[in-house]
Every structure is written in C-alpha cells, then in structure tokens.
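Content type compact mmCIF, C-alpha atoms, from the file entry.txt:
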```
# COMPACT_ATOMS: atom_id res chain seq x y z
CA MET J 1 267.44 122.72 -83.84
CA ARG J 2 270.46 122.04 -81.61
CA PRO J 3 270.76 124.73 -78.94
CA GLU J 4 273.82 126.99 -78.92
CA PRO J 5 276.59 125.93 -76.57
CA ARG J 6 277.46 128.41 -73.88
CA LEU J 7 280.03 128.80 -71.16
CA ILE J 8 279.14 128.78 -67.48
CA GLU J 9 281.55 129.67 -64.74
CA VAL J 10 282.09 127.06 -62.04
CA ARG J 11 285.36 127.76 -60.19
CA LYS J 12 285.58 124.69 -58.02
CA ASN J 13 288.64 123.01 -56.63
CA VAL J 14 288.82 119.44 -57.95
CA LEU J 15 290.06 118.17 -54.59
CA LYS J 16 287.32 120.03 -52.74
CA GLN J 17 285.95 116.82 -51.24
CA ASN J 18 289.35 115.81 -49.85
CA ASP J 19 290.08 119.33 -48.65
CA MET J 20 286.78 119.49 -46.78
CA VAL J 21 287.48 116.23 -44.97
CA ALA J 22 291.04 117.41 -44.24
CA ARG J 23 289.75 120.66 -42.80
CA ALA J 24 287.32 118.80 -40.55
CA LEU J 25 290.14 116.49 -39.42
CA ARG J 26 292.42 119.44 -38.66
CA GLU J 27 289.71 121.00 -36.53
CA ARG J 28 289.15 117.68 -34.74
CA PHE J 29 292.89 117.31 -34.07
CA ARG J 30 293.09 120.86 -32.74
CA THR J 31 290.12 120.37 -30.42
CA ALA J 32 291.58 117.09 -29.14
CA GLY J 33 294.97 118.76 -28.58
CA VAL J 34 296.88 116.19 -30.63
CA PHE J 35 299.76 117.29 -32.85
CA VAL J 36 299.65 115.45 -36.15
CA LEU J 37 302.60 114.80 -38.45
CA SER J 38 302.68 113.02 -41.75
CA LEU J 39 305.69 111.44 -43.41
CA VAL J 40 306.25 111.30 -47.16
CA SER J 41 309.19 109.93 -49.11
CA SER J 42 310.13 107.58 -51.89
CA PRO J 43 309.96 103.85 -51.10
CA GLY J 44 312.90 102.66 -49.05
CA SER J 45 314.14 105.98 -47.74
CA GLY J 46 313.52 104.96 -44.14
CA LYS J 47 310.10 106.28 -43.10
CA THR J 48 309.27 103.23 -41.04
CA ALA J 49 312.70 103.02 -39.37
CA PHE J 50 312.55 106.74 -38.55
CA LEU J 51 309.03 106.38 -37.20
CA GLU J 52 309.88 103.31 -35.12
CA ARG J 53 312.80 105.15 -33.55
CA THR J 54 310.73 108.30 -33.02
CA LEU J 55 307.84 106.45 -31.39
CA THR J 56 310.23 104.53 -29.12
CA LEU J 57 312.06 107.69 -28.05
CA LEU J 58 308.93 109.77 -27.52
CA ARG J 59 306.89 107.12 -25.73
CA PRO J 60 308.33 107.51 -22.22
CA ASN J 61 307.31 111.18 -22.16
CA TYR J 62 304.46 111.49 -24.63
CA ARG J 63 301.34 109.62 -25.65
CA VAL J 64 302.00 108.64 -29.25
CA ALA J 65 300.23 106.66 -31.96
CA ALA J 66 300.65 106.01 -35.65
CA LEU J 67 298.68 105.30 -38.78
CA VAL J 68 300.63 103.65 -41.53
CA GLY J 69 299.67 103.46 -45.19
CA ASP J 70 300.92 100.56 -47.23
CA LEU J 71 299.92 99.16 -50.61
CA ALA J 72 299.63 95.50 -49.75
CA THR J 73 301.36 94.34 -46.60
CA GLU J 74 301.05 94.86 -42.88
CA ASN J 75 304.81 94.59 -42.37
CA ASP J 76 305.23 98.23 -41.45
CA ALA J 77 302.51 98.12 -38.81
CA LEU J 78 304.13 95.03 -37.30
CA ARG J 79 307.51 96.77 -37.22
CA LEU J 80 306.05 99.88 -35.64
CA ALA J 81 304.15 97.84 -33.06
CA ARG J 82 307.56 96.94 -31.60
CA SER J 83 307.68 100.48 -30.27
CA GLN J 84 304.66 99.52 -28.04
CA ALA J 85 302.73 102.50 -29.39
CA PRO J 86 299.22 101.95 -30.76
CA VAL J 87 299.50 101.48 -34.52
CA ARG J 88 296.88 101.09 -37.20
CA GLN J 89 297.43 100.02 -40.76
CA ILE J 90 295.72 101.55 -43.77
CA THR J 91 296.08 99.13 -46.66
CA THR J 92 295.53 101.16 -49.79
CA GLY J 93 295.42 98.30 -52.30
CA THR J 94 296.67 99.75 -55.55
CA LEU J 95 296.16 103.36 -54.53
CA CYS J 96 299.46 105.19 -54.44
CA HIS J 97 298.65 107.77 -51.77
CA LEU J 98 296.55 108.37 -48.68
CA GLU J 99 293.47 110.57 -48.81
CA ALA J 100 291.86 112.44 -45.94
CA ALA J 101 288.84 110.12 -45.86
CA MET J 102 291.10 107.08 -45.34
CA VAL J 103 292.66 108.79 -42.34
CA GLN J 104 289.22 109.63 -41.04
CA ASN J 105 288.06 106.01 -41.35
CA ALA J 106 291.21 104.65 -39.76
CA LEU J 107 290.72 106.89 -36.72
CA GLU J 108 287.32 105.45 -35.89
CA GLY J 109 287.07 104.52 -32.24
CA TRP J 110 290.34 106.18 -31.25
CA SER J 111 290.24 108.75 -28.46
CA LEU J 112 292.34 111.49 -29.94
CA ASN J 113 292.29 113.54 -26.76
CA GLU J 114 294.35 110.83 -25.10
CA LEU J 115 297.20 111.50 -27.53
CA ASP J 116 300.02 114.04 -27.77
CA PHE J 117 301.41 113.01 -31.16
CA LEU J 118 299.81 111.17 -34.03
CA PHE J 119 302.03 110.16 -36.94
CA ILE J 120 300.69 109.31 -40.38
CA GLU J 121 303.06 107.41 -42.61
CA ASN J 122 302.07 107.87 -46.23
CA VAL J 123 302.64 105.31 -48.99
CA GLY J 124 306.21 105.46 -50.33
CA ASN J 125 305.79 107.80 -53.29
CA LEU J 126 307.19 111.25 -54.03
CA VAL J 127 304.55 112.25 -56.55
CA CYS J 128 300.94 111.44 -55.73
CA PRO J 129 300.77 112.25 -52.00
CA SER J 130 301.67 115.88 -52.69
CA SER J 131 298.16 116.75 -53.88
CA TYR J 132 296.30 115.46 -50.82
CA ASP J 133 295.93 117.36 -47.58
CA LEU J 134 295.47 114.92 -44.70
CA GLY J 135 294.68 117.52 -42.05
CA GLU J 136 298.16 117.21 -40.54
CA ASP J 137 299.89 120.05 -38.69
CA LEU J 138 303.27 119.31 -40.17
CA ARG J 139 304.40 117.32 -43.18
CA LEU J 140 307.87 115.81 -43.10
CA VAL J 141 309.56 114.84 -46.35
CA LEU J 142 312.33 112.29 -45.96
CA ILE J 143 315.30 111.76 -48.27
CA SER J 144 318.03 109.27 -47.54
CA VAL J 145 321.71 109.93 -48.20
CA THR J 146 321.74 106.97 -50.58
CA GLU J 147 319.16 108.52 -52.92
CA GLY J 148 321.24 111.27 -54.46
CA GLU J 149 321.35 114.94 -53.64
CA ASP J 150 319.09 115.98 -56.53
CA LYS J 151 315.84 114.46 -55.20
CA PRO J 152 314.44 117.92 -54.33
CA LEU J 153 315.07 119.16 -57.89
CA LYS J 154 313.39 116.10 -59.37
CA TYR J 155 310.35 116.28 -57.11
CA PRO J 156 309.80 119.99 -56.37
CA THR J 157 306.06 119.54 -55.84
CA ILE J 158 306.34 117.22 -52.85
CA PHE J 159 308.97 119.48 -51.31
CA HIS J 160 306.55 122.32 -51.69
CA SER J 161 303.78 120.44 -49.98
CA ALA J 162 306.08 119.62 -47.02
CA ASP J 163 307.18 121.77 -44.10
CA VAL J 164 310.34 120.07 -42.87
CA ALA J 165 312.96 117.89 -44.58
CA ILE J 166 314.60 114.94 -42.82
CA VAL J 167 317.78 113.53 -44.32
CA THR J 168 317.89 109.89 -43.20
CA LYS J 169 320.54 107.16 -43.04
CA ALA J 170 323.19 109.72 -42.01
CA ASP J 171 325.38 106.81 -40.82
CA LEU J 172 325.77 105.81 -44.49
CA ALA J 173 326.69 109.30 -45.70
CA ALA J 174 330.40 108.61 -46.15
CA ALA J 175 329.86 105.26 -47.89
CA ALA J 176 327.30 106.83 -50.24
CA GLU J 177 329.59 109.82 -50.84
CA PHE J 178 326.70 112.02 -49.90
CA ASN J 179 327.44 115.67 -50.59
CA ARG J 180 325.75 117.48 -47.74
CA GLU J 181 326.35 120.93 -49.15
CA ILE J 182 324.75 120.16 -52.52
CA ALA J 183 321.79 118.43 -50.88
CA HIS J 184 321.12 121.40 -48.63
CA ARG J 185 321.55 123.82 -51.50
CA ASN J 186 319.02 121.86 -53.56
CA ILE J 187 316.49 121.79 -50.74
CA GLN J 188 316.86 125.53 -50.23
CA ALA J 189 316.57 126.18 -53.98
CA ILE J 190 313.17 124.51 -54.00
CA ARG J 191 311.97 125.61 -50.60
CA PRO J 192 313.88 128.62 -49.26
CA GLY J 193 314.06 128.59 -45.48
CA MET J 194 312.98 124.94 -45.12
CA MET J 195 314.16 123.39 -41.88
CA VAL J 196 316.36 120.33 -42.39
CA PHE J 197 317.33 117.63 -39.89
CA GLU J 198 319.93 114.99 -40.56
CA VAL J 199 319.38 111.76 -38.69
CA SER J 200 320.30 108.12 -38.48
CA SER J 201 317.47 105.97 -37.21
CA LYS J 202 320.01 103.20 -36.72
CA THR J 203 322.56 104.99 -34.54
CA GLY J 204 320.21 107.65 -33.18
CA GLU J 205 322.48 110.42 -34.45
CA GLY J 206 320.54 113.66 -34.95
CA MET J 207 317.37 112.28 -33.35
CA PRO J 208 317.51 114.41 -30.16
CA GLU J 209 317.51 117.66 -32.18
CA CYS J 210 314.62 116.45 -34.31
CA LEU J 211 312.55 115.31 -31.31
CA ALA J 212 313.24 118.55 -29.44
CA PHE J 213 311.86 120.37 -32.45
CA LEU J 214 308.69 118.22 -32.43
CA ALA J 215 308.23 118.79 -28.69
CA ALA J 216 308.57 122.54 -29.21
CA ARG J 217 306.00 122.47 -32.00
CA LEU J 218 303.56 120.51 -29.81
CA ALA J 219 303.96 123.05 -26.99
CA GLU J 220 303.54 125.90 -29.45
CA SER J 221 300.36 124.47 -30.94
CA ARG J 222 298.87 123.93 -27.46
CA ARG J 223 299.67 127.51 -26.48
CA GLY J 224 298.02 128.61 -29.71
CA ALA J 225 294.93 126.50 -28.94
CA GLU J 226 294.68 128.00 -25.43
CA ALA J 227 294.88 131.50 -26.86
CA ILE J 228 291.80 130.73 -28.94
CA MET B 24 299.64 107.55 -60.81
CA HIS B 25 296.74 109.35 -59.17
CA GLU B 26 295.52 111.05 -62.34
CA LEU B 27 292.64 108.60 -62.71
CA SER B 28 291.20 109.48 -59.34
CA ILE B 29 291.69 113.18 -60.14
CA ALA B 30 289.92 112.65 -63.50
CA MET B 31 287.06 110.88 -61.74
CA SER B 32 286.72 113.80 -59.32
CA ILE B 33 286.57 116.21 -62.27
CA VAL B 34 283.87 114.15 -63.97
CA GLU B 35 281.91 113.88 -60.74
CA LEU B 36 282.12 117.61 -60.14
CA ALA B 37 281.02 118.42 -63.69
CA GLU B 38 278.22 115.85 -63.52
CA ASP B 39 276.87 117.40 -60.32
CA GLU B 40 276.87 120.86 -61.85
CA ALA B 41 275.22 119.60 -65.03
CA GLU B 42 272.53 117.75 -63.16
CA ARG B 43 271.80 120.72 -60.93
CA ARG B 44 271.35 122.99 -63.96
CA SER B 45 269.80 120.36 -66.25
CA VAL B 46 272.37 120.92 -68.94
CA HIS B 47 274.64 118.76 -71.06
CA VAL B 48 278.38 119.23 -70.69
CA ASP B 49 280.39 119.48 -73.92
CA ALA B 50 283.68 120.52 -72.40
CA VAL B 51 285.32 121.10 -69.04
CA HIS B 52 287.78 123.97 -68.61
CA LEU B 53 290.46 123.19 -66.07
CA LYS B 54 293.25 125.30 -64.61
CA LEU B 55 296.29 123.18 -63.85
CA GLY B 56 299.19 124.63 -61.89
CA ALA B 57 302.74 123.51 -62.53
CA LEU B 58 302.95 122.58 -58.83
CA ALA B 59 299.62 120.77 -58.62
CA GLY B 60 301.33 117.41 -58.80
CA VAL B 61 299.32 116.28 -61.80
CA VAL B 62 300.71 115.23 -65.19
CA LYS B 63 298.69 116.82 -67.97
CA GLU B 64 299.07 114.04 -70.57
CA ALA B 65 298.15 111.36 -68.05
CA LEU B 66 295.17 113.39 -66.89
CA LEU B 67 293.89 113.80 -70.46
CA SER B 68 293.93 110.08 -71.17
CA CYS B 69 292.44 109.28 -67.76
CA TYR B 70 289.66 111.79 -68.38
CA GLU B 71 288.43 109.80 -71.34
CA ILE B 72 288.33 106.65 -69.25
CA ALA B 73 286.60 108.43 -66.38
CA CYS B 74 283.89 109.73 -68.73
CA GLU B 75 282.93 106.24 -69.92
CA SER B 76 279.34 105.33 -68.97
CA THR B 77 278.65 108.80 -67.61
CA PRO B 78 276.63 111.63 -69.19
CA LEU B 79 279.99 113.28 -69.90
CA LYS B 80 281.06 110.61 -72.39
CA GLY B 81 282.44 112.34 -75.48
CA SER B 82 283.08 115.62 -73.69
CA ARG B 83 286.46 117.36 -73.90
CA LEU B 84 288.85 118.39 -71.16
CA LEU B 85 290.51 121.72 -71.95
CA ILE B 86 293.52 122.38 -69.75
CA GLU B 87 295.01 125.79 -69.16
CA ASP B 88 298.54 125.49 -67.77
CA VAL B 89 299.23 127.84 -64.90
CA PRO B 90 302.92 128.69 -64.45
CA VAL B 91 304.38 129.28 -61.01
CA VAL B 92 304.22 132.86 -59.78
CA ILE B 93 306.00 133.74 -56.54
CA PHE B 94 305.83 136.79 -54.33
CA CYS B 95 309.26 138.38 -53.97
CA PRO B 96 309.69 139.75 -50.44
CA GLU B 97 312.43 142.10 -51.67
CA CYS B 98 310.69 143.60 -54.72
CA GLN B 99 307.30 143.34 -52.98
CA ALA B 100 305.95 142.09 -56.28
CA ARG B 101 304.62 138.99 -57.97
CA ARG B 102 307.07 137.41 -60.37
CA PRO B 103 306.71 134.44 -62.71
CA LEU B 104 309.33 131.80 -62.00
CA ASP B 105 311.84 130.85 -64.69
CA SER B 106 312.26 127.31 -63.40
CA VAL B 107 310.52 125.16 -60.79
CA GLN B 108 314.01 124.03 -59.77
CA LEU B 109 314.90 127.45 -58.39
CA PHE B 110 312.55 129.39 -56.16
CA CYS B 111 314.25 132.77 -56.44
CA CYS B 112 313.01 136.08 -57.76
CA PRO B 113 314.03 136.19 -61.45
CA GLU B 114 314.64 139.94 -61.12
CA CYS B 115 316.69 140.30 -57.94
CA GLY B 116 317.60 136.71 -57.01
CA THR B 117 316.04 136.80 -53.53
CA PRO B 118 314.87 133.36 -52.35
CA ALA B 119 311.09 133.27 -52.37
CA SER B 120 308.88 130.57 -50.95
CA GLU B 121 305.50 132.27 -51.12
CA ILE B 122 303.57 130.83 -54.02
CA VAL B 123 300.88 133.01 -55.54
CA HIS B 124 299.99 130.77 -58.49
CA GLY B 125 300.94 127.29 -59.57
CA LYS B 126 299.03 125.01 -57.21
CA GLU B 127 295.71 125.35 -59.06
CA LEU B 128 293.65 122.26 -59.81
CA GLU B 129 290.38 123.92 -60.50
CA VAL B 130 287.39 123.46 -62.76
CA VAL B 131 286.82 127.04 -63.91
CA ALA B 132 284.01 126.65 -66.41
CA LEU B 133 281.82 124.25 -68.34
CA GLU B 134 280.80 124.47 -71.97
CA ILE B 135 277.21 123.39 -71.96
CA THR B 136 274.13 122.99 -74.09
CA GLU B 137 270.67 123.11 -72.57
CA CYS B 138 268.93 119.76 -72.37
CA ALA B 139 265.78 119.61 -74.46
CA PRO B 140 262.78 119.80 -72.11
CA ASN B 141 261.11 116.46 -71.53
CA PRO B 142 257.99 116.10 -73.68
CA VAL B 143 254.92 116.31 -71.50
```
Would you mind writing the file out in structure tokens?
Amino acid sequence: MRPEPRLIEVRKNVLKQNDMVARALRERFRTAGVFVLSLVSSPGSGKTAFLERTLTLLRPNYRVAALVGDLATENDALRLARSQAPVRQITTGTLCHLEAAMVQNALEGWSLNELDFLFIENVGNLVCPSSYDLGEDLRLVLISVTEGEDKPLKYPTIFHSADVAIVTKADLAAAAEFNREIAHRNIQAIRPGMMVFEVSSKTGEGMPECLAFLAARLAESRRGAEAI
Amino acid sequence: MHELSIAMSIVELAEDEAERRSVHVDAVHLKLGALAGVVKEALLSCYEIACESTPLKGSRLLIEDVPVVIFCPECQARRPLDSVQLFCCPECGTPASEIVHGKELEVVALEITECAPNPV
C-alpha cells in the first residue's frame, strides 16, 4: 500500500547558502576596516567609466581596489588598471550576476586590512543581481541619462536592493533630452528617500559630491566599528 | 536569467531535507515575493530541468505569490501596495520604503511520502 502523503514544514530561504557567505564576507570586511561598495546597472550605463574615475580620484588619499565581474572579456579590468589601483577580474562565463562565493574566491590572497575602499562591479544586468547579497556595505545602482527616465519603474526590484542611485553621463543630458525632474520622481516613487547623485565620469561634473559622500560613509563605518 | 540557478538551489534544499528525513518529496511549496527578482513562469520551467536525474524528478513546485506589503510611517500600519511602481501608502499617500513582505524566496513546506524501509 502506498503511504499517505503528508506536509512537513521547512521554512528555509532558497538563497541561504549565498546569504551565509555574504554575512561572513560582511563580517570580514568590517573586521578589516574596509568599506565595500558594489555597482549594478544595465550594460553600457557607465559602471566601468565611473569606477575608473572614482578609483583615480580616490587613490591619492585612500587605498582602493576593485573586483570586476564580466561575462567573457577582461576589457574592464584592463581599463580599470589604468587607475593604478589593484584590480581583479571575475569572469562569470554565462552567469548573469555575481554571487557571494565568487567574491570570496576572488579575494583570496588579498590583505583587506590594507584597504580603505573595495569596489565590486557587477555584471551589467538590472534583473538578476538584485537577488544576491555580496556582503557589501553599500550598493550603488547606476542609470545613464541616455537610458530613459523610466528605468526605475521598469526595474523596481534592483532599485529596492540598492542604497544609492547614480545618474551617469550627465554631460549628455541635454543631447538626450533627459528630464531630470521625471527621473528623480520615478526614483523616489520606487525608493522614497533614496539618495541620488548626478555625475559625468567624462567631465568630472558631480564627482566631488559623490566622493565626499563615500568618504563620509567610510568615516562613519569606522566610527561604528570602534564603538563595537 | 538566474532562475535556473535558483531552481537548482530549491532542488538541492529539498533533496537535503528529504535525505535527512528519509522521505520522498512529491511537491515543494515556495513563497515568492513580488520583489524577489524571480520570474515565476521561468522558475517553473527551470524547476523541471533542475529536477532531472535527481530524486525529485516528477515532483511539483507550488508557488504562492506574496504581494508587497509596506509599513506606513504615518498610519503606523502595514498596508498592501497597489503597484510596485509606487511605494506610497495606499490609504494616506505617504511615501514608504520599509518593506514588510514581498522579498520572500522561501521553501515553506514539502509534501512527502515516507520511503519504504529497506528490506533486511
């Protein structure tokens, strides 16, 4: 006789494995005193250009490094290496997002306590990366002025997984007829109170405000760590 | 398209539970939040693929959609959201960013049958 089916309660997060690794990473970052930021955006919205500029501008005053995820090429790592900062590539193959374990593997042999900022550039994708915690302190979502003001409405999930929005390619705003007011309204509709910076990685416009914010967050997190 | 790796994680999780309890899994009950970043239809077809050559082959994935519920700081109450394009309290219109429900991606239960004891 076939036994009766029954229901057993499990209650387990499907991404438990990733979340556990991310939690361990976060603890490791905190202990080392490094402030970790990740960057997410659609392909071509200027993550690498923004990161190259950021690394170059921060490097005289801070110890910075970057991990960069890419599907197939090492082009981004080569571009970022121009900033003179240590850069490592994570080639994901066909995988459309980074997972915490990939970050963990890529960090092997790096002395995190010799760093102030570590940047993690995710694969260009506004969907898949939203589900994966990488242990970062702050997640930046980038949208360029050429993409259309409704990106936040189309991809609410990624905006919800991020902490700060960066509007890139500000130097092209007029040519792209970018409507700043609508873009900001859309971001606030999805994520009320979200901090937004508008920058041009090409001209440097808006970068000082953004970097001052990062410096303040680093100082804040170190004060927090000392208090513990 | 990360639904396949999500499906594989679900299968792995269910397989572990089944093995630990020596049971056979007939169905997996999953809670899926509207903000989990996972497409239900894609997940369902990926689940079938992920079950291939595992003890879960032939099992069903039953998905319960979880709508977004926010906490309204003005009303001091939980409110279901009308649209994921507008994070405002549907009652008073106050912007609300605190999410109470909607990010779930959780295996809540398994429908199982006991495995027949091995003949001694």
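Computed from the coordinates, the CA of Cys138 (chain B) to CA of Leu85 (chain B) distance equals 21.7 Å.
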Distance cut-off 8 Å, counting only C-alpha atoms - which residues of chain B neighbour chain J? Return them as a CSV table (one decimal) with C-alpha atoms, keeping the file's coordinate frame.
```csv
chain,number,residue,atom,x,y,z
B,24,MET,CA,299.6,107.6,-60.8
B,25,HIS,CA,296.7,109.4,-59.2
B,29,ILE,CA,291.7,113.2,-60.1
B,32,SER,CA,286.7,113.8,-59.3
B,33,ILE,CA,286.6,116.2,-62.3
B,36,LEU,CA,282.1,117.6,-60.1
B,49,ASP,CA,280.4,119.5,-73.9
B,58,LEU,CA,303.0,122.6,-58.8
B,59,ALA,CA,299.6,120.8,-58.6
B,60,GLY,CA,301.3,117.4,-58.8
B,61,VAL,CA,299.3,116.3,-61.8
B,107,VAL,CA,310.5,125.2,-60.8
B,108,GLN,CA,314.0,124.0,-59.8
B,109,LEU,CA,314.9,127.4,-58.4
B,110,PHE,CA,312.6,129.4,-56.2
B,111,CYS,CA,314.2,132.8,-56.4
B,118,PRO,CA,314.9,133.4,-52.4
B,119,ALA,CA,311.1,133.3,-52.4
B,120,SER,CA,308.9,130.6,-51.0
B,127,GLU,CA,295.7,125.4,-59.1
B,128,LEU,CA,293.6,122.3,-59.8
B,129,GLU,CA,290.4,123.9,-60.5
B,130,VAL,CA,287.4,123.5,-62.8
B,131,VAL,CA,286.8,127.0,-63.9
B,132,ALA,CA,284.0,126.6,-66.4
B,133,LEU,CA,281.8,124.2,-68.3
B,134,GLU,CA,280.8,124.5,-72.0
B,135,ILE,CA,277.2,123.4,-72.0
B,136,THR,CA,274.1,123.0,-74.1
B,137,GLU,CA,270.7,123.1,-72.6
```
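Take CA of Glu27 (chain J) and CA of Arg59 (chain J): the distance between them is 24.6 Å.
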Contacts of Glu177 (chain J) within 10 Å, all atoms listed in the file, excl. fewer than 6 positions in-chain, as a short mmCIF file (atom, residue, chain, number, x, y, z; two decimals) with C-alpha atoms, keeping the file's coordinate frame:
```cif
data_model
loop_
_atom_site.label_atom_id
_atom_site.label_comp_id
_atom_site.auth_asym_id
_atom_site.auth_seq_id
_atom_site.Cartn_x
_atom_site.Cartn_y
_atom_site.Cartn_z
CA VAL J 145 321.71 109.93 -48.20
CA THR J 146 321.74 106.97 -50.58
CA GLY J 148 321.24 111.27 -54.46
#
```
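Using only C-alpha atoms, the shortest contact distance between Val64 (chain J) and any of J:Val164, J:Leu112, J:Ala219, J:Cys210 is found at J:Leu112.
Omitting Gly33 (chain J) and its sequence neighbours fewer than 5 positions away, and counting all atoms listed in the file, the residues within 10 Å are Glu27, Arg28, Leu112, Asn113, Glu114, Leu115, Asp116, Phe117, Leu218, Ser221, Arg222, Ala225 and Glu226 of chain J.
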